[in-house]
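Asks: start.txt is reproduced below (compact mmCIF, C-alpha atoms).
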```
# COMPACT_ATOMS: atom_id res chain seq x y z
CA MET A 1 35.01 -43.17 -17.73
CA ALA A 2 37.48 -45.09 -19.89
CA VAL A 3 38.80 -43.47 -23.06
CA ALA A 4 37.70 -46.51 -25.04
CA ASP A 5 34.08 -45.86 -24.03
CA ILE A 6 33.98 -42.31 -25.43
CA PRO A 7 33.00 -43.17 -29.04
CA ARG A 8 30.18 -45.43 -27.84
CA LEU A 9 28.88 -42.84 -25.39
CA LEU A 10 29.04 -40.12 -28.03
CA ARG A 11 27.04 -42.24 -30.45
CA GLU A 12 24.43 -42.89 -27.73
CA TYR A 13 24.29 -39.17 -26.90
CA ILE A 14 23.62 -38.29 -30.57
CA LYS A 15 21.07 -41.09 -30.93
CA VAL A 16 19.12 -40.12 -27.77
CA SER A 17 19.24 -36.40 -28.59
CA ARG A 18 17.92 -36.83 -32.11
CA ALA A 19 15.28 -39.32 -30.99
CA HIS A 20 14.04 -36.87 -28.37
CA GLY A 21 14.07 -34.06 -30.90
CA ARG A 22 11.89 -36.04 -33.33
CA LYS A 23 9.39 -36.95 -30.59
CA PRO A 24 6.18 -34.93 -31.05
CA PRO A 25 5.18 -32.84 -28.02
CA ALA A 26 2.09 -33.77 -26.05
CA PRO A 27 -1.07 -32.10 -27.31
CA SER A 28 -1.63 -28.75 -25.58
CA ASN A 29 -4.09 -25.90 -25.72
CA ASP A 30 -1.27 -23.56 -24.67
CA VAL A 31 0.21 -22.67 -28.03
CA ASP A 32 3.05 -20.68 -26.50
CA ILE A 33 4.05 -23.57 -24.22
CA ALA A 34 3.94 -26.02 -27.11
CA ALA A 35 6.11 -23.68 -29.19
CA THR A 36 8.70 -23.54 -26.41
CA VAL A 37 8.76 -27.35 -26.15
CA GLU A 38 9.16 -27.63 -29.93
CA ARG A 39 12.00 -25.08 -29.85
CA SER A 40 13.71 -27.07 -27.11
CA ARG A 41 13.43 -30.33 -29.03
CA SER A 42 14.75 -28.72 -32.20
CA LEU A 43 17.81 -27.52 -30.31
CA VAL A 44 18.34 -30.93 -28.72
CA GLN A 45 18.11 -32.57 -32.17
CA ASP A 46 20.77 -30.11 -33.35
CA LEU A 47 22.92 -31.29 -30.42
CA LYS A 48 22.49 -28.00 -28.55
CA PRO A 49 21.02 -29.19 -25.21
CA SER A 50 22.56 -26.30 -23.24
CA GLU A 51 20.70 -23.79 -25.43
CA ALA A 52 17.52 -25.86 -25.04
CA LEU A 53 17.95 -25.73 -21.27
CA SER A 54 18.34 -21.93 -21.38
CA VAL A 55 15.14 -21.60 -23.43
CA LEU A 56 13.22 -23.78 -20.98
CA THR A 57 14.65 -22.07 -17.89
CA ALA A 58 13.68 -18.64 -19.20
CA ARG A 59 10.18 -19.82 -20.05
CA ILE A 60 9.67 -21.48 -16.67
CA ALA A 61 10.74 -18.25 -14.96
CA GLU A 62 8.18 -16.33 -17.00
CA GLU A 63 5.46 -18.83 -16.08
CA ASN A 64 6.36 -18.68 -12.38
CA GLU A 65 6.25 -14.91 -12.46
CA ALA A 66 2.87 -14.92 -14.20
CA HIS A 67 1.54 -17.47 -11.71
CA ALA A 68 2.75 -15.35 -8.80
CA ARG A 69 1.12 -12.22 -10.24
CA ARG A 70 -2.21 -14.05 -10.35
CA LEU A 71 -1.80 -15.79 -7.00
CA ILE A 72 -0.56 -12.91 -4.84
CA PRO A 73 -3.80 -10.82 -4.94
CA LEU A 74 -5.76 -13.90 -3.85
CA LEU A 75 -3.33 -14.62 -1.03
CA LYS A 76 -3.46 -11.00 0.12
CA GLU A 77 -7.24 -11.13 0.21
CA GLN A 78 -7.09 -14.39 2.15
CA ALA A 79 -4.72 -12.76 4.65
CA GLU A 80 -7.14 -9.84 5.11
CA VAL A 81 -10.04 -12.20 5.81
CA GLN A 82 -7.87 -14.02 8.36
CA ARG A 83 -7.07 -10.68 9.95
CA ILE A 84 -10.78 -9.98 10.32
CA LEU A 85 -11.17 -13.43 11.93
CA SER A 86 -8.18 -12.70 14.23
CA ASP A 87 -6.50 -15.83 12.86
CA HIS A 88 -2.97 -14.58 13.45
CA THR A 89 -1.26 -17.92 12.85
CA GLY A 90 -3.08 -18.52 9.57
CA ARG A 91 -2.46 -14.98 8.40
CA LEU A 92 1.23 -15.28 9.21
CA ALA A 93 1.49 -18.44 7.11
CA ILE A 94 -0.15 -16.73 4.14
CA LEU A 95 2.05 -13.63 4.37
CA GLU A 96 5.14 -15.81 4.56
CA GLU A 97 3.93 -17.67 1.45
CA ILE A 98 3.56 -14.32 -0.36
CA ALA A 99 7.13 -13.48 0.64
CA ARG A 100 8.33 -16.90 -0.53
CA ILE A 101 6.88 -16.57 -4.03
CA GLY A 102 8.34 -13.12 -4.51
CA GLY A 103 5.75 -10.64 -3.32
CA SER A 104 7.80 -9.31 -0.42
CA ASP A 105 8.37 -5.64 0.32
CA ALA A 106 8.96 -3.51 3.41
CA ALA A 107 5.26 -3.33 4.25
CA LEU A 108 4.82 -7.11 4.04
CA TRP A 109 7.81 -7.85 6.28
CA GLY A 110 6.55 -5.19 8.67
CA GLU A 111 3.20 -6.98 8.89
CA ILE A 112 4.94 -10.31 9.44
CA GLY A 113 6.94 -8.78 12.27
CA ASP A 114 3.80 -7.27 13.84
CA ILE A 115 2.09 -10.66 13.85
CA GLN A 116 5.15 -12.31 15.38
CA ILE A 117 4.92 -9.74 18.17
CA LEU A 118 1.25 -10.64 18.72
CA LEU A 119 2.25 -14.31 18.90
CA GLY A 120 5.02 -13.57 21.40
CA ASN A 121 7.89 -14.37 19.03
CA SER A 122 10.09 -11.32 19.55
CA GLN A 123 13.21 -12.77 17.93
CA ASP A 124 11.31 -13.77 14.78
CA ALA A 125 9.75 -10.29 14.77
CA LEU A 126 13.20 -8.74 14.97
CA GLY A 127 14.30 -10.76 11.94
CA ALA A 128 11.22 -9.68 9.98
CA TYR A 129 11.80 -6.01 10.82
CA HIS A 130 15.42 -6.29 9.67
CA ARG A 131 14.16 -7.72 6.36
CA ALA A 132 11.64 -4.87 6.14
CA ARG A 133 14.48 -2.40 6.58
CA SER A 134 16.56 -4.12 3.88
CA ALA A 135 13.61 -4.05 1.46
CA ALA A 136 12.99 -0.37 2.20
CA MET A 137 16.66 0.41 1.65
CA ALA A 138 16.57 -1.39 -1.70
CA ASP A 139 13.59 0.77 -2.68
CA GLN A 140 15.22 3.90 -1.19
CA ASP A 141 12.01 4.40 0.79
CA GLU A 142 13.18 6.67 3.60
CA ARG A 143 9.95 6.63 5.59
CA ASN A 144 9.75 2.85 5.63
CA ILE A 145 13.43 2.67 6.57
CA SER A 146 12.70 4.95 9.53
CA ASN A 147 9.63 2.89 10.48
CA SER A 148 11.71 -0.30 10.40
CA HIS A 149 14.36 1.25 12.64
CA GLU A 150 11.61 2.22 15.09
CA ARG A 151 10.10 -1.27 15.13
CA ILE A 152 13.53 -2.79 15.67
CA GLY A 153 13.99 -0.40 18.57
CA ASP A 154 10.64 -1.43 20.07
CA VAL A 155 11.65 -5.10 20.07
CA LEU A 156 15.04 -4.31 21.57
CA VAL A 157 13.38 -2.32 24.37
CA ALA A 158 11.15 -5.30 25.13
CA GLN A 159 14.24 -7.52 25.17
CA GLY A 160 15.97 -5.20 27.63
CA ASP A 161 18.66 -3.99 25.22
CA GLY A 162 18.38 -0.27 25.85
CA ALA A 163 21.67 0.71 24.21
CA GLU A 164 20.83 -0.94 20.87
CA ALA A 165 17.25 0.30 21.06
CA LEU A 166 18.51 3.85 21.52
CA ALA A 167 20.74 3.46 18.46
CA ALA A 168 17.78 2.21 16.40
CA TYR A 169 15.57 5.08 17.55
CA GLN A 170 18.29 7.61 16.80
CA ALA A 171 18.69 6.18 13.29
CA SER A 172 14.94 6.58 12.82
CA LEU A 173 15.07 10.13 14.23
CA ALA A 174 17.82 11.14 11.80
CA LEU A 175 15.77 10.06 8.78
CA ARG A 176 12.57 11.59 10.10
CA THR A 177 14.31 14.89 10.77
CA VAL A 178 15.38 15.01 7.12
CA LEU A 179 11.87 14.15 5.93
CA ALA A 180 10.20 16.69 8.23
CA GLN A 181 12.59 19.43 7.11
CA ARG A 182 12.07 18.51 3.47
CA ASP A 183 8.31 18.99 3.71
CA PRO A 184 7.19 20.90 6.83
CA ALA A 185 3.59 20.79 5.59
CA ASN A 186 3.50 16.99 5.73
CA THR A 187 1.78 16.43 9.07
CA GLU A 188 2.33 12.67 8.99
CA TRP A 189 6.10 13.17 8.87
CA GLN A 190 5.90 15.76 11.63
CA ARG A 191 4.04 13.33 13.86
CA ASP A 192 6.53 10.56 13.04
CA LEU A 193 9.31 12.85 14.24
CA SER A 194 7.50 13.59 17.49
CA VAL A 195 7.11 9.85 18.12
CA SER A 196 10.87 9.34 17.63
CA HIS A 197 11.68 12.02 20.20
CA ASN A 198 9.27 10.40 22.66
CA LYS A 199 10.73 6.92 22.23
CA ILE A 200 14.25 8.24 22.71
CA GLY A 201 13.04 10.02 25.84
CA ASP A 202 11.59 6.77 27.20
CA VAL A 203 14.91 4.94 26.74
CA LEU A 204 16.85 7.78 28.35
CA VAL A 205 14.51 7.69 31.34
CA ALA A 206 15.23 3.98 31.76
CA GLN A 207 18.97 4.72 31.53
CA GLY A 208 18.70 7.38 34.22
CA ASP A 209 19.39 10.32 31.90
CA GLY A 210 16.64 12.65 33.11
CA ALA A 211 18.06 15.75 31.43
CA GLY A 212 18.37 14.02 28.06
CA ALA A 213 14.88 12.58 28.39
CA LEU A 214 13.43 15.98 29.24
CA ALA A 215 15.05 17.52 26.16
CA ALA A 216 13.63 14.74 23.97
CA TYR A 217 10.14 15.11 25.44
CA GLN A 218 10.26 18.89 25.01
CA ALA A 219 11.23 18.47 21.35
CA SER A 220 8.25 16.16 20.92
CA LEU A 221 6.00 18.63 22.76
CA ALA A 222 6.96 21.47 20.39
CA LEU A 223 6.07 19.39 17.34
CA ARG A 224 2.80 18.19 18.84
CA THR A 225 1.78 21.66 19.95
CA ALA A 226 2.19 22.86 16.37
CA LEU A 227 0.15 19.94 15.03
CA ALA A 228 -2.63 20.38 17.60
CA GLN A 229 -2.87 24.08 16.81
CA ARG A 230 -2.96 23.34 13.10
CA ASP A 231 -6.02 21.08 13.47
CA PRO A 232 -7.78 21.30 16.86
CA ALA A 233 -10.40 18.83 15.64
CA ASN A 234 -7.82 16.06 15.24
CA THR A 235 -8.33 14.05 18.41
CA GLU A 236 -5.28 11.85 17.83
CA TRP A 237 -3.01 14.90 17.87
CA GLN A 238 -4.77 16.30 20.94
CA ARG A 239 -4.16 13.03 22.78
CA ASP A 240 -0.53 12.97 21.59
CA LEU A 241 -0.08 16.43 23.08
CA SER A 242 -1.55 15.33 26.41
CA VAL A 243 0.90 12.41 26.51
CA SER A 244 3.85 14.76 25.95
CA HIS A 245 2.73 17.01 28.82
CA ASP A 246 2.35 13.90 30.98
CA ARG A 247 5.87 12.63 30.26
CA ILE A 248 7.39 16.04 30.95
CA GLY A 249 5.49 16.13 34.23
CA ASP A 250 6.94 12.75 35.20
CA ILE A 251 10.50 13.96 34.58
CA LEU A 252 9.93 17.17 36.52
CA VAL A 253 8.57 15.18 39.46
CA ALA A 254 11.74 13.06 39.44
CA GLN A 255 13.84 16.24 39.36
CA GLY A 256 11.96 17.68 42.32
CA ASP A 257 10.25 20.45 40.33
CA GLY A 258 6.75 20.06 41.74
CA ALA A 259 5.45 23.37 40.41
CA GLY A 260 6.62 22.61 36.88
CA ALA A 261 5.24 19.08 37.09
CA LEU A 262 1.87 20.34 38.30
CA ALA A 263 1.65 22.79 35.39
CA ALA A 264 2.47 20.00 32.92
CA TYR A 265 -0.10 17.63 34.44
CA GLN A 266 -2.75 20.35 34.46
CA ALA A 267 -2.11 21.06 30.78
CA SER A 268 -2.56 17.35 30.10
CA LEU A 269 -5.71 17.29 32.23
CA ALA A 270 -7.28 20.15 30.25
CA LEU A 271 -6.71 18.32 26.97
CA ARG A 272 -8.00 15.03 28.33
CA THR A 273 -11.07 16.63 29.85
CA ALA A 274 -11.98 18.06 26.44
CA LEU A 275 -11.44 14.69 24.76
CA ALA A 276 -13.48 12.81 27.36
CA GLN A 277 -16.33 15.28 27.03
CA ARG A 278 -16.21 15.00 23.26
CA ASP A 279 -16.69 11.21 23.39
CA PRO A 280 -17.77 9.87 26.79
CA ALA A 281 -17.96 6.34 25.33
CA ASN A 282 -14.22 6.29 24.58
CA THR A 283 -12.88 4.28 27.49
CA GLU A 284 -9.24 4.96 26.62
CA TRP A 285 -9.77 8.69 26.92
CA GLN A 286 -11.72 8.24 30.14
CA ARG A 287 -8.85 6.22 31.60
CA ASP A 288 -6.34 8.87 30.49
CA LEU A 289 -8.39 11.43 32.38
CA SER A 290 -8.42 9.35 35.57
CA VAL A 291 -4.62 9.00 35.36
CA SER A 292 -4.22 12.78 35.04
CA HIS A 293 -6.28 13.34 38.18
CA SER A 294 -4.15 10.81 40.05
CA LYS A 295 -0.86 12.39 38.95
CA ILE A 296 -2.08 15.82 40.03
CA GLY A 297 -3.10 14.34 43.35
CA ASP A 298 0.39 12.91 43.84
CA VAL A 299 2.00 16.33 43.32
CA LEU A 300 -0.47 18.06 45.60
CA VAL A 301 0.28 15.56 48.39
CA VAL A 302 4.00 16.43 48.18
CA GLN A 303 3.12 20.13 48.23
CA GLY A 304 1.04 19.64 51.38
CA ASP A 305 -2.27 20.40 49.71
CA ARG A 306 -4.16 17.43 51.05
CA ALA A 307 -7.62 18.84 50.33
CA GLY A 308 -6.68 19.44 46.69
CA ALA A 309 -5.07 16.00 46.46
CA LEU A 310 -8.17 14.34 47.91
CA ALA A 311 -10.40 16.10 45.38
CA ALA A 312 -8.12 14.99 42.53
CA TYR A 313 -8.00 11.39 43.73
CA GLN A 314 -11.77 11.32 44.16
CA ALA A 315 -12.25 12.60 40.60
CA GLY A 316 -9.93 9.87 39.35
CA LEU A 317 -11.70 7.26 41.45
CA ASP A 318 -15.11 8.19 40.06
CA ILE A 319 -13.88 7.65 36.52
CA ALA A 320 -12.06 4.42 37.38
CA ARG A 321 -15.13 3.06 39.16
CA SER A 322 -17.31 3.86 36.14
CA LEU A 323 -14.89 2.07 33.84
CA ALA A 324 -14.71 -0.97 36.12
CA GLN A 325 -18.50 -1.20 36.23
CA ARG A 326 -18.70 -0.82 32.48
CA ASP A 327 -16.40 -3.81 31.90
CA PRO A 328 -15.99 -6.05 34.97
CA ALA A 329 -13.87 -8.49 32.92
CA ASN A 330 -11.18 -5.87 32.27
CA THR A 331 -8.45 -6.85 34.70
```
If you took the structure in this file and wrote it as C-alpha cells, what would it be?

Replies:
Amino acid sequence: MAVADIPRLLREYIKVSRAHGRKPPAPSNDVDIAATVERSRSLVQDLKPSEALSVLTARIAEENEAHARRLIPLLKEQAEVQRILSDHTGRLAILEEIARIGGSDAALWGEIGDIQILLGNSQDALGAYHRARSAAMADQDERNISNSHERIGDVLVAQGDGAEALAAYQASLALRTVLAQRDPANTEWQRDLSVSHNKIGDVLVAQGDGAGALAAYQASLALRTALAQRDPANTEWQRDLSVSHDRIGDILVAQGDGAGALAAYQASLALRTALAQRDPANTEWQRDLSVSHSKIGDVLVVQGDRAGALAAYQAGLDIARSLAQRDPANT
C-alpha cells in the first residue's frame, strides 16, 4: 500500500463504517439478537469495529452453547436408540458429534472406545480411552481415571504389548487401592480392586511370572471372598469368586501342586454348582460348571485317579452336550 493512498483508504473506511452503522437490521422476532446487531452497528458507526467484533463473537459463543445444550439430549437419545438397534457405526457417529460440539466427558470417550473395540478398531479405541483418561483427570474423577487405565491396558494386551499393559493395570490398581481404603464399605470399589489384581495376574502369567501371578490372584481372592460373604445372594460376586479359585488352580497346576490345584478347582465347582442350580437357564453358568468338571478331571488324571477323572469328564460332557443341543448355531 502506497503512502499516498492512505488518506483515500481512510475516507473509504469511515464512509463504509458509518453507512453500515446506519443500515437498519433485518426484522427479527429475536429481540436479543436484534439488540446485539444494533449494538454492533453502533460501534462500527463510531469507528470501533474491533469492539463490535468482540460483542458479536461473545454472542455467537452464547448461541452455540445454548444450541448445544438443546441438541445434546436429543443426540444422546438417538445414540441410545441406535444402541438398542445394534447400529454400532451410527451410534459411534452420533457420540463423536456430541464430543465435537462440546458434550464430551470421560464416560462419553469410554463409550466411543468401547464401540471402536466392537468394530475392530483397536488403535482408535486406544485413542478414545486416552481422551477418557484426560477428561477424568481434568475432573479429578479418580474412579474414571482408574477405569480408563484399565481399558487402555485391555487394548494393549490385545495388541500384544504386555509390558505397557502391566503398567496401565498397575496405575489403575494404585488408584483403586486408595479408593478401596478410603471407603471399605463401598463394594463397587472393592470389586474394582479385585478386577485389577486379576488383570495383573493374567499379564504376569503371560510373562511367565507364576509366583507374581499367584500373589495377584490370591489378593483378588481375598477381596472376592469378603464380598461373597457380605452378600451371598449376589450372583455376580459368587461367580467372581469361582473365577478367582479357577485362576489359582491353573497356577498351582503349572507349579506342580496338584493337591492345591484340586482344592481350588473343587471350591470353584461348589460355587458354580450352586449358581447353575439357581438358574438352569443361564448358559454361561452352565458352561462354567462344565469347565470346572474338566479341570478337575485333568488333575485327577495326573494323580492317577482315572475313575474319578472319567466321572468328572462325563459330568462336563453331559453339560456341554446339553448346551450344544440347546443352541446348535453356537460354534

Asks: Considering all atoms listed in the file, state which residue in the set A:Ala174, A:Leu221, A:Leu214, A:Ala66 is at the smallest distance from Ser194 in chain A.

Replies: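 Looking at the shortest contact to Ser194 in chain A, the residue is A:Leu221.
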
Asks: Leaving out Arg247 in chain A and any residue of its chain fewer than 5 positions from it, which residues lie within 9 Å of it when counting all atoms listed in the file, given as a list in words?

Replies: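 What passes the distance filter is Asn198, Gly201, Asp202, Leu214, Tyr217, Ser242, Leu252, Ala264 and Tyr265 of chain A.
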
Asks: For Leu179 in chain A, please output as a ChimeraX atom specification all residues within 10 Å (counting all atoms listed in the file; exclusion window: fewer than 3 positions along the same chain).

Replies: /A:142-143,146,173-176,182-184,186,189-190,192-193

Asks: Of the residues A:Gln45, A:Gln82, A:Thr36, A:Ser196, which is the one nearest to Ala167 in chain A, using only C-alpha atoms?

Replies: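 Between A:Gln45, A:Gln82, A:Thr36, A:Ser196, the residue approaching Ala167 in chain A most closely is A:Ser196.
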
Asks: Report, as lines of an AutoDock Vina configuration file, the axis-aligned box around all atoms of range 119-133 of chain A present in the file, extended by 5 Å on each side; give centre and edge lengths in Å to one decimal place.

Replies:
```
center_x = 8.8
center_y = -8.4
center_z = 13.8
size_x = 23.2
size_y = 22.0
size_z = 25.3
```

Asks: Quick one: distance from CA of Asn144 in chain A to CA of Leu118 in chain A in Å, one decimal?

Replies: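 Those two atoms sit 20.6 Å apart.
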
Asks: To one decimal in Å, tell me the separation between CA of Asp288 in chain A and CA of Lys199 in chain A.

Replies: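 For CA of Asp288 in chain A relative to CA of Lys199 in chain A, the distance reads 19.1 Å.
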
Asks: Compare A:Thr283, A:Ser148, A:Ser220, A:Ser294 by their minimum atom-to-atom distance to Gln266 in chain A, counting only C-alpha atoms, and give me the closest one.

Replies: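 Checking each candidate against Gln266 in chain A, we get A:Ser294 as the closest.
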
Asks: Which neighbours of Ala324 in chain A fall inside 12 Å, counting only C-alpha atoms, when residues of the same chain fewer than 6 positions from it are skipped, and could you give them as a PyMOL selection string?

Replies: chain A and resi 283+286-287+317-318+330-331

Asks: Identify which of the residues A:Glu111, A:Asp154, A:Asp209, A:Asp46 lies closest to Gln255 in chain A, counting only C-alpha atoms when measuring atom-to-atom distances.

Replies: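 Once distances to Gln255 in chain A are computed over only C-alpha atoms, the minimum belongs to A:Asp209.
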
Asks: Using only C-alpha atoms, which of the listed residues (A:Leu156, A:Leu204, A:Leu223, A:Ile112) sits closest to Ala93 in chain A?

Replies: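 The answer is A:Ile112, which sits nearest to Ala93 in chain A.
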
Asks: Between CA of Arg133 in chain A and CA of Val81 in chain A, what is the spacing in Å?

Replies: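 Computing the Euclidean distance for CA of Val81 in chain A and CA of Arg133 in chain A yields 26.4 Å.
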
Asks: Between A:Ala128, A:Ile200, A:Leu71, A:Ala254, single out the one closest to Ala163 in chain A, counting all atoms listed in the file.

Replies: A:Ile200

Asks: When you look at Gln123 in chain A with a cut-off of 12 Å (counting all atoms listed in the file), what residues show up, excluding the ones that are within fewer than 5 positions of it in the same chain? I need them as a count of residues only.

Replies: 13
